[in-house]
>>> print(open('structure-v5.txt').read())   # compact mmCIF, C-alpha atoms and all ligand atoms
# COMPACT_ATOMS: atom_id res chain seq x y z
CA MET A 804 18.57 120.95 133.18
CA GLU A 805 14.95 120.43 132.20
CA PHE A 806 13.87 118.41 129.16
CA HIS A 807 10.79 118.53 126.91
CA ASP A 808 8.79 116.33 129.33
CA GLU A 809 9.71 118.56 132.32
CA LYS A 810 12.05 115.90 133.71
CA GLN A 811 15.11 117.38 135.36
CA VAL A 812 18.69 116.30 135.97
CA GLU A 813 21.75 118.02 137.34
CA CYS A 814 24.65 119.17 135.21
CA VAL A 815 27.50 120.85 137.05
CA TYR A 816 30.53 122.82 135.88
CA ILE A 817 33.54 122.31 138.14
CA PRO A 818 36.06 125.07 137.42
CA GLU A 819 39.80 124.88 138.01
CA SER A 820 42.18 127.79 137.48
CA ASP A 821 43.04 127.02 133.85
CA ARG A 822 40.39 124.49 132.78
CA GLY A 823 37.28 122.79 134.07
CA ALA A 824 35.11 119.69 133.94
CA VAL A 825 31.46 119.38 133.13
CA CYS A 826 29.69 116.66 135.10
CA LEU A 827 26.96 115.02 133.02
CA SER A 828 23.94 112.94 134.02
CA THR A 829 22.74 109.87 132.12
CA GLN A 830 19.39 109.04 133.74
CA VAL A 831 16.55 110.86 135.48
CA GLY A 832 16.82 109.39 138.98
CA CYS A 833 18.70 106.15 139.52
CA ALA A 834 17.72 102.55 140.19
CA GLN A 835 20.97 101.53 141.89
CA GLY A 836 19.94 102.70 145.35
CA CYS A 837 23.41 103.22 146.83
CA LYS A 838 22.68 103.96 150.47
CA PHE A 839 25.06 106.93 150.80
CA CYS A 840 23.82 108.74 147.67
CA HIS A 841 21.03 111.28 147.61
CA THR A 842 20.18 110.48 143.99
CA GLY A 843 19.66 106.88 145.13
CA THR A 844 16.68 108.09 147.17
CA GLN A 845 14.98 109.40 144.01
CA ARG A 846 13.15 106.86 141.92
CA MET A 847 14.37 106.01 138.45
CA MET A 848 12.20 107.79 135.86
CA ARG A 849 13.91 107.19 132.53
CA ASN A 850 17.14 106.96 130.57
CA LEU A 851 18.40 110.11 128.87
CA THR A 852 18.77 109.97 125.10
CA ALA A 853 22.18 110.48 123.48
CA GLY A 854 20.97 113.93 122.43
CA GLU A 855 20.04 114.83 126.00
CA ILE A 856 23.47 113.75 127.25
CA VAL A 857 25.30 115.76 124.56
CA GLY A 858 22.81 118.61 125.08
CA GLN A 859 23.97 119.08 128.67
CA PHE A 860 27.48 119.79 127.44
CA MET A 861 26.24 122.09 124.67
CA SER A 862 24.12 124.05 127.17
CA ALA A 863 27.10 124.35 129.50
CA ARG A 864 29.11 125.80 126.63
CA ASP A 865 26.27 128.22 125.90
CA SER A 866 26.31 129.29 129.56
CA TYR A 867 30.02 130.02 129.44
CA ASN A 868 29.85 131.42 125.91
CA GLU A 869 32.47 128.99 124.69
CA TRP A 870 31.77 129.48 121.00
CA PRO A 871 33.27 129.15 118.48
CA THR A 872 35.12 126.06 119.70
CA PRO A 873 38.44 127.18 121.21
CA THR A 874 41.67 125.24 120.77
CA ASP A 875 42.29 122.39 123.19
CA GLU A 876 44.70 124.43 125.33
CA THR A 877 42.39 127.39 125.90
CA ARG A 878 39.12 125.61 126.62
CA MET A 879 37.49 126.37 129.95
CA LEU A 880 35.13 123.41 129.53
CA SER A 881 37.99 121.06 128.79
CA ASN A 882 37.00 117.82 130.51
CA ILE A 883 33.91 115.67 130.91
CA VAL A 884 33.11 113.49 133.88
CA VAL A 885 30.07 111.25 133.59
CA MET A 886 29.33 111.21 137.31
CA GLY A 887 26.02 113.03 137.61
CA MET A 888 22.61 111.54 138.15
CA GLY A 889 22.14 107.89 137.13
CA GLU A 890 24.27 104.83 136.42
CA PRO A 891 25.91 105.46 133.02
CA LEU A 892 26.45 101.78 132.21
CA CYS A 893 22.76 101.03 132.69
CA ASN A 894 22.16 103.37 129.74
CA PHE A 895 25.14 102.11 127.80
CA GLU A 896 24.01 102.42 124.16
CA ASN A 897 22.92 106.06 124.58
CA LEU A 898 26.06 106.85 126.56
CA LYS A 899 28.26 105.31 123.88
CA GLN A 900 26.51 107.25 121.13
CA ALA A 901 26.83 110.49 123.12
CA LEU A 902 30.54 109.94 123.75
CA LEU A 903 31.21 109.19 120.08
CA ILE A 904 29.53 112.50 119.18
CA LEU A 905 31.40 114.44 121.86
CA MET A 906 34.75 112.94 120.81
CA ASN A 907 34.28 113.30 117.06
CA GLY A 908 36.92 115.59 115.58
CA ASP A 909 34.41 117.12 113.15
CA GLY A 910 32.20 118.09 116.07
CA ILE A 911 33.03 119.09 119.61
CA GLY A 912 36.29 117.17 119.52
CA ILE A 913 36.82 116.46 123.20
CA SER A 914 39.80 114.14 123.54
CA LYS A 915 39.05 110.67 124.91
CA ARG A 916 41.81 111.31 127.45
CA ARG A 917 39.70 114.11 128.90
CA ILE A 918 36.59 111.99 129.47
CA THR A 919 35.99 109.87 132.56
CA VAL A 920 33.03 107.55 133.03
CA SER A 921 32.16 106.55 136.56
CA THR A 922 30.24 103.40 137.39
CA SER A 923 28.87 101.91 140.58
CA GLY A 924 30.15 98.56 139.32
CA VAL A 925 28.00 97.40 136.39
CA ALA A 926 30.77 95.04 135.42
CA ASN A 927 29.53 93.66 132.10
CA HIS A 928 30.08 96.96 130.22
CA ILE A 929 33.34 98.01 131.88
CA PRO A 930 35.71 96.42 129.30
CA GLU A 931 33.81 98.21 126.50
CA LEU A 932 34.94 101.54 127.95
CA ALA A 933 38.47 100.55 126.96
CA ASP A 934 37.28 100.20 123.34
CA LEU A 935 36.00 103.79 123.51
CA GLY A 936 39.34 104.85 125.01
CA VAL A 937 37.82 106.81 127.89
CA LYS A 938 39.00 106.76 131.48
CA LEU A 939 37.29 104.65 134.13
CA ALA A 940 36.33 105.56 137.67
CA VAL A 941 34.72 102.96 139.91
CA SER A 942 32.54 103.89 142.87
CA LEU A 943 34.11 101.20 145.03
CA HIS A 944 33.40 102.44 148.56
CA ALA A 945 34.01 99.10 150.29
CA PRO A 946 36.92 96.69 150.70
CA THR A 947 34.85 93.49 151.10
CA ASN A 948 31.60 92.00 149.80
CA GLU A 949 30.27 92.05 153.34
CA VAL A 950 30.51 95.84 153.57
CA ARG A 951 29.62 96.51 149.95
CA ASP A 952 26.46 94.38 150.11
CA LYS A 953 25.24 96.65 152.91
CA ILE A 954 25.77 99.95 151.12
CA MET A 955 25.54 99.16 147.39
CA PRO A 956 22.81 96.78 146.14
CA VAL A 957 24.64 96.47 142.76
CA ASN A 958 27.16 94.28 144.58
CA ARG A 959 24.69 91.42 144.76
CA LYS A 960 24.58 91.22 140.97
CA PHE A 961 28.25 92.08 140.38
CA PRO A 962 30.23 91.10 143.51
CA LEU A 963 33.75 92.39 144.01
CA GLU A 964 35.49 89.42 142.37
CA VAL A 965 33.44 89.98 139.18
CA LEU A 966 34.04 93.73 139.33
CA MET A 967 37.80 93.36 139.79
CA LYS A 968 37.96 90.87 136.89
CA ALA A 969 36.18 93.41 134.65
CA CYS A 970 38.61 96.14 135.79
CA LYS A 971 41.56 93.91 134.89
CA GLU A 972 40.07 93.29 131.46
CA TYR A 973 39.56 97.05 130.98
CA GLN A 974 43.16 97.70 131.93
CA GLN A 975 44.55 94.99 129.66
CA LYS A 976 42.57 96.37 126.72
CA SER A 977 43.24 100.05 127.35
CA GLU A 978 46.15 101.98 125.86
CA ARG A 979 49.16 102.28 128.18
CA ARG A 980 47.35 100.36 130.94
CA GLN A 981 45.19 103.34 131.84
CA PHE A 982 45.02 103.99 135.60
CA ILE A 983 41.62 103.34 137.20
CA THR A 984 40.34 105.79 139.78
CA MET A 985 38.73 104.07 142.75
CA GLU A 986 36.26 106.40 144.43
CA TYR A 987 35.89 105.76 148.14
CA VAL A 988 33.38 107.69 150.25
CA MET A 989 34.46 107.70 153.88
CA LEU A 990 31.66 106.56 156.21
CA LYS A 991 32.14 106.62 159.94
CA ASP A 992 32.61 103.12 161.42
CA ILE A 993 31.50 101.47 158.17
CA ASN A 994 34.55 101.49 155.90
CA ASP A 995 37.13 103.80 157.50
CA SER A 996 39.32 101.58 159.73
CA GLU A 997 42.98 100.77 159.12
CA LYS A 998 41.93 97.13 158.57
CA ASP A 999 39.60 98.37 155.82
CA ALA A 1000 42.57 100.13 154.21
CA GLU A 1001 44.57 96.88 154.34
CA ASP A 1002 41.70 94.87 152.81
CA LEU A 1003 41.33 97.52 150.13
CA MET A 1004 44.95 97.18 149.06
CA LYS A 1005 44.61 93.40 148.86
CA LEU A 1006 41.47 93.78 146.76
CA VAL A 1007 43.15 95.88 144.06
CA ASP A 1008 46.26 93.73 143.89
CA GLY A 1009 47.34 93.41 140.24
CA LEU A 1010 45.58 96.62 139.12
CA GLU A 1011 47.02 100.08 138.47
CA VAL A 1012 44.76 102.28 140.55
CA LYS A 1013 44.64 105.56 142.37
CA PHE A 1014 42.20 106.23 145.17
CA ASN A 1015 40.03 109.27 145.64
CA LEU A 1016 38.90 109.57 149.25
CA ILE A 1017 35.64 111.47 149.43
CA PRO A 1018 34.22 113.17 152.52
CA PHE A 1019 30.58 112.08 152.94
CA HIS A 1020 28.05 114.83 152.19
CA SER A 1021 25.22 114.35 154.61
CA TRP A 1022 21.59 115.26 153.99
CA GLU A 1023 18.51 115.27 156.19
CA GLY A 1024 17.70 111.70 157.22
CA ALA A 1025 20.97 110.28 155.83
CA PRO A 1026 21.75 106.83 157.30
CA PHE A 1027 25.50 107.50 157.73
CA GLU A 1028 27.83 109.99 159.29
CA ALA A 1029 31.02 111.37 157.80
CA SER A 1030 34.35 109.98 159.00
CA SER A 1031 36.39 112.40 161.05
CA MET A 1032 39.22 114.25 159.32
CA ASN A 1033 41.65 112.49 161.63
CA LYS A 1034 40.44 109.05 160.49
CA MET A 1035 40.49 110.06 156.86
CA HIS A 1036 44.09 111.23 157.16
CA LYS A 1037 45.13 107.97 158.87
CA PHE A 1038 43.40 105.98 156.14
CA ALA A 1039 45.09 108.02 153.41
CA LYS A 1040 48.47 107.66 155.10
CA LYS A 1041 48.13 103.87 155.21
CA LEU A 1042 47.46 103.75 151.48
CA GLU A 1043 50.16 106.29 150.66
CA SER A 1044 52.77 104.42 152.69
CA ASN A 1045 52.12 101.51 150.32
CA TYR A 1046 52.70 103.74 147.27
CA PHE A 1047 49.07 104.36 146.34
CA ALA A 1048 47.94 107.87 145.45
CA ALA A 1049 45.09 108.60 147.87
CA PRO A 1050 44.18 112.29 147.99
CA ILE A 1051 41.28 113.38 150.12
CA ARG A 1052 39.01 115.10 147.65
CA ARG A 1053 38.31 118.73 148.29
CA SER A 1054 34.59 119.07 148.81
CA ARG A 1055 33.15 121.08 145.94
CA GLY A 1056 29.64 122.40 145.54
CA GLU A 1057 28.31 121.44 148.95
CA ASP A 1058 27.61 125.10 149.64
CA ILE A 1059 25.21 125.32 146.68
CA MET A 1060 23.84 121.76 147.09
CA ALA A 1061 25.69 120.72 143.94
CA ALA A 1062 27.22 117.62 145.45
CA CYS A 1063 26.17 114.31 143.84
CA GLY A 1064 22.45 114.22 143.18
CA GLN A 1065 21.72 117.15 145.44
CA LEU A 1066 21.32 120.05 143.06
CA LYS A 1067 18.23 118.72 141.34
CA SER A 1068 16.74 117.31 144.52
CA ALA A 1069 17.06 120.72 146.12
CA LYS A 1070 14.94 122.04 143.25
CA GLY A 1071 12.62 119.15 143.86
CA LYS A 1072 10.85 118.54 140.56
CA MET A 1073 11.26 115.21 138.70
S1 LIG B 1 26.08 106.67 143.53
FE1 LIG B 1 25.59 106.71 141.33
S2 LIG B 1 24.79 104.64 140.93
FE2 LIG B 1 24.69 104.91 143.16
S3 LIG B 1 22.59 105.68 143.53
FE3 LIG B 1 23.97 107.46 143.30
S4 LIG B 1 23.77 108.04 141.13
FE4 LIG B 1 23.01 105.92 141.33
>>> encode(input="structure-v5.txt", output="structure tokens", more="lines below")
Ligand code: SF4
Amino acid sequence: MEFHDEKQVECVYIPESDRGAVCLSTQVGCAQGCKFCHTGTQRMMRNLTAGEIVGQFMSARDSYNEWPTPTDETRMLSNIVVMGMGEPLCNFENLKQALLILMNGDGIGISKRRITVSTSGVANHIPELADLGVKLAVSLHAPTNEVRDKIMPVNRKFPLEVLMKACKEYQQKSERRQFITMEYVMLKDINDSEKDAEDLMKLVDGLEVKFNLIPFHSWEGAPFEASSMNKMHKFAKKLESNYFAAPIRRSRGEDIMAACGQLKSAKGKM
């Protein structure tokens, strides 16, 4: 997507057989600098306005000619994941405004149950997501502060104990103790041992979570390598044998450089 000032972000439609999610961006670039993320290598330019966030969804509906608004059951663009470029909770007021517009029954009317906001761990705004009623995904990616400090600079401001406390508060406030999705990118010899899996389970003790194990998408000059499939399966098995859901996410969009932060960077212009 390109805006009036020629700034660009990525917006990706992820189709399933009977529905699909639109992945929205909230900032041009990102200041969080997660070491495994290609967007993190692009400097932060600006926050998107609420209109620019909603506009991505409207443009996606234009692209798929989803007008007039279909009923909930027949929508192709049925879900929203706020997982594109940027840290959503560092642009919280605009994000909140955009979500209220997207959820409003007199407008687009996307159910709050079909919206997921993903954060790298900006803990102070996490409980407010429960007030909005949307689902929470946390880019966790490490079982200890020692590992997380190395790969996610946000951990210095919001270390794991602060993040987990915010997650507990979110869950207490949310309807029906909404499950939290813990995203976990698998990095060879960094966070993929069986001991890491054990530490991870201890970390989330007291929370209702499901894990999403993500194969690492490499790019030229990337500082990490992907874990082997064998290691990923062992890791998943360890979690699953302790009754955690831990699917290994099917890699989508790598073939067209539409994995996190890659689509726009492939086009190159900021
Ligand atoms: S993973 Fe998310 S928060 Fe981290 S650098 Fe990438 S876009 Fe920013």
>>> closest_atom_pairs(input="structure-v5.txt", of="region 826-859 of chain A", to="region 912-924 of chain A", cutoff="10 Å", atoms="all atoms listed in the file", output="tab-separated table")
residue	atom	partner	partner_atom	distance
A:Cys826	CA	A:Thr919	CA	9.6
A:Leu827	CA	A:Val920	CA	9.6
A:Gln835	CA	A:Ser923	CA	8.0
A:Cys837	CA	A:Ser923	CA	8.4
>>> residues_near_ligand(input="structure-v5.txt", ligand="ligand LIG 1 (chain B)", cutoff="12 Å", atoms="only C-alpha atoms and all ligand atoms", output="ChimeraX atom specification")
/A:812-813,827-847,885-894,920-925,940-944,951,954-958,986-988,1019,1062-1065
>>> closest_residue(input="structure-v5.txt", among="A:Ile911, A:Arg979, A:Lys991, A:Ile904", to="Ser1021 (chain A)", atoms="only C-alpha atoms")
A:Lys991
>>> closest_residue(input="structure-v5.txt", among="A:Lys938, A:Lys1037, A:His928, A:Arg1053", to="Val965 (chain A)", atoms="only C-alpha atoms")
A:His928
>>> atom_distance(input="structure-v5.txt", atom1="CA of Asp995 (chain A)", atom2="CA of Gly1024 (chain A)")
21.0 Å
>>> residues_around(input="structure-v5.txt", residues="region 858-870 of chain A", least_positions_apart="2", cutoff="10 Å", atoms="only C-alpha atoms", output="JSON, numbers by chain")
{"A": [804, 805, 806, 812, 813, 814, 815, 816, 825, 826, 827, 828, 829, 852, 853, 854, 855, 856, 872, 873, 878, 879, 880, 883, 901, 905, 911]}
>>> atom_distance(input="structure-v5.txt", atom1="CA of Leu939 (chain A)", atom2="CA of Thr877 (chain A)")
24.7 Å
>>> closest_residue(input="structure-v5.txt", among="A:Leu932, A:Ile993, A:Ile983, A:Ala1039", to="Asp952 (chain A)", atoms="all atoms listed in the file")
A:Ile993
>>> closest_residue(input="structure-v5.txt", among="A:Cys970, A:Leu1016, A:Gly823, A:Gly1009", to="Glu876 (chain A)", atoms="all atoms listed in the file")
A:Gly823
>>> axis_aligned_box(input="structure-v5.txt", around="region 962-970 of chain A", padding_each_side="6 Å", output="lines of an AutoDock Vina configuration file")
center_x = 34.4
center_y = 92.8
center_z = 139.3
size_x = 20.4
size_y = 18.7
size_z = 21.4
>>> build_atoms(input="structure-v5.txt", residues="region 865-876 of chain A", atoms="all heavy atoms", output="mmCIF file, in the frame of the given file")
data_model
loop_
_atom_site.group_PDB
_atom_site.id
_atom_site.type_symbol
_atom_site.label_atom_id
_atom_site.label_comp_id
_atom_site.auth_asym_id
_atom_site.auth_seq_id
_atom_site.Cartn_x
_atom_site.Cartn_y
_atom_site.Cartn_z
ATOM 1 N N ASP A 865 27.073 126.992 126.104
ATOM 2 C CA ASP A 865 26.270 128.220 125.900
ATOM 3 C C ASP A 865 26.403 129.118 127.123
ATOM 4 O O ASP A 865 26.617 130.319 127.012
ATOM 5 C CB ASP A 865 24.782 127.874 125.728
ATOM 6 C CG ASP A 865 24.469 127.364 124.330
ATOM 7 O OD1 ASP A 865 25.339 127.448 123.453
ATOM 8 O OD2 ASP A 865 23.343 126.872 124.132
ATOM 9 N N SER A 866 26.270 128.508 128.315
ATOM 10 C CA SER A 866 26.310 129.290 129.560
ATOM 11 C C SER A 866 27.624 130.031 129.722
ATOM 12 O O SER A 866 27.664 131.120 130.272
ATOM 13 C CB SER A 866 26.128 128.392 130.783
ATOM 14 O OG SER A 866 24.912 127.726 130.705
ATOM 15 N N TYR A 867 28.707 129.399 129.280
ATOM 16 C CA TYR A 867 30.020 130.020 129.440
ATOM 17 C C TYR A 867 30.502 130.667 128.139
ATOM 18 O O TYR A 867 31.667 131.035 128.020
ATOM 19 C CB TYR A 867 31.043 128.983 129.957
ATOM 20 C CG TYR A 867 30.786 128.674 131.418
ATOM 21 C CD1 TYR A 867 29.866 127.709 131.788
ATOM 22 C CD2 TYR A 867 31.416 129.411 132.417
ATOM 23 C CE1 TYR A 867 29.587 127.458 133.123
ATOM 24 C CE2 TYR A 867 31.148 129.166 133.749
ATOM 25 C CZ TYR A 867 30.237 128.182 134.094
ATOM 26 O OH TYR A 867 29.964 127.938 135.415
ATOM 27 N N ASN A 868 29.575 130.759 127.189
ATOM 28 C CA ASN A 868 29.850 131.420 125.910
ATOM 29 C C ASN A 868 31.128 130.903 125.255
ATOM 30 O O ASN A 868 31.956 131.682 124.801
ATOM 31 C CB ASN A 868 29.928 132.939 126.155
ATOM 32 C CG ASN A 868 29.737 133.698 124.858
ATOM 33 O OD1 ASN A 868 29.193 133.144 123.889
ATOM 34 N ND2 ASN A 868 30.202 134.939 124.823
ATOM 35 N N GLU A 869 31.247 129.570 125.245
ATOM 36 C CA GLU A 869 32.470 128.990 124.690
ATOM 37 C C GLU A 869 32.276 128.626 123.213
ATOM 38 O O GLU A 869 32.389 127.465 122.817
ATOM 39 C CB GLU A 869 32.928 127.790 125.520
ATOM 40 C CG GLU A 869 34.389 127.505 125.271
ATOM 41 C CD GLU A 869 35.077 126.722 126.374
ATOM 42 O OE1 GLU A 869 34.850 125.521 126.467
ATOM 43 O OE2 GLU A 869 35.848 127.328 127.136
ATOM 44 N N TRP A 870 31.941 129.622 122.454
ATOM 45 C CA TRP A 870 31.770 129.480 121.000
ATOM 46 C C TRP A 870 32.526 130.611 120.328
ATOM 47 O O TRP A 870 32.547 131.719 120.873
ATOM 48 C CB TRP A 870 30.286 129.574 120.597
ATOM 49 C CG TRP A 870 29.432 128.548 121.236
ATOM 50 C CD1 TRP A 870 28.520 128.745 122.222
ATOM 51 C CD2 TRP A 870 29.372 127.140 120.929
ATOM 52 N NE1 TRP A 870 27.901 127.570 122.569
ATOM 53 C CE2 TRP A 870 28.401 126.575 121.785
ATOM 54 C CE3 TRP A 870 30.050 126.308 120.022
ATOM 55 C CZ2 TRP A 870 28.099 125.219 121.762
ATOM 56 C CZ3 TRP A 870 29.728 124.971 120.001
ATOM 57 C CH2 TRP A 870 28.767 124.436 120.864
ATOM 58 N N PRO A 871 33.080 130.444 119.156
ATOM 59 C CA PRO A 871 33.270 129.150 118.480
ATOM 60 C C PRO A 871 34.229 128.279 119.291
ATOM 61 O O PRO A 871 34.902 128.772 120.195
ATOM 62 C CB PRO A 871 33.885 129.543 117.131
ATOM 63 C CG PRO A 871 34.542 130.872 117.385
ATOM 64 C CD PRO A 871 33.747 131.549 118.459
ATOM 65 N N THR A 872 34.310 127.015 118.940
ATOM 66 C CA THR A 872 35.120 126.060 119.700
ATOM 67 C C THR A 872 36.563 126.534 119.823
ATOM 68 O O THR A 872 37.234 126.748 118.814
ATOM 69 C CB THR A 872 35.086 124.683 119.006
ATOM 70 O OG1 THR A 872 33.728 124.260 118.964
ATOM 71 C CG2 THR A 872 35.912 123.663 119.770
ATOM 72 N N PRO A 873 37.030 126.760 121.051
ATOM 73 C CA PRO A 873 38.440 127.180 121.210
ATOM 74 C C PRO A 873 39.394 126.018 120.981
ATOM 75 O O PRO A 873 38.969 124.870 120.887
ATOM 76 C CB PRO A 873 38.513 127.613 122.680
ATOM 77 C CG PRO A 873 37.152 127.386 123.270
ATOM 78 C CD PRO A 873 36.345 126.585 122.312
ATOM 79 N N THR A 874 40.686 126.333 120.910
ATOM 80 C CA THR A 874 41.670 125.240 120.770
ATOM 81 C C THR A 874 41.709 124.476 122.086
ATOM 82 O O THR A 874 41.285 124.978 123.130
ATOM 83 C CB THR A 874 43.082 125.789 120.498
ATOM 84 O OG1 THR A 874 43.423 126.629 121.588
ATOM 85 C CG2 THR A 874 43.145 126.538 119.198
ATOM 86 N N ASP A 875 42.276 123.277 122.030
ATOM 87 C CA ASP A 875 42.290 122.390 123.190
ATOM 88 C C ASP A 875 42.894 123.067 124.420
ATOM 89 O O ASP A 875 42.401 122.937 125.529
ATOM 90 C CB ASP A 875 43.093 121.130 122.834
ATOM 91 C CG ASP A 875 42.600 119.930 123.611
ATOM 92 O OD1 ASP A 875 41.415 119.932 124.008
ATOM 93 O OD2 ASP A 875 43.396 119.016 123.846
ATOM 94 N N GLU A 876 43.969 123.846 124.198
ATOM 95 C CA GLU A 876 44.700 124.430 125.330
ATOM 96 C C GLU A 876 43.910 125.536 126.033
ATOM 97 O O GLU A 876 44.128 125.811 127.204
ATOM 98 C CB GLU A 876 46.046 125.030 124.884
ATOM 99 C CG GLU A 876 47.064 124.042 124.343
ATOM 100 C CD GLU A 876 46.699 123.545 122.952
ATOM 101 O OE1 GLU A 876 46.298 124.378 122.128
ATOM 102 O OE2 GLU A 876 46.790 122.331 122.712
#
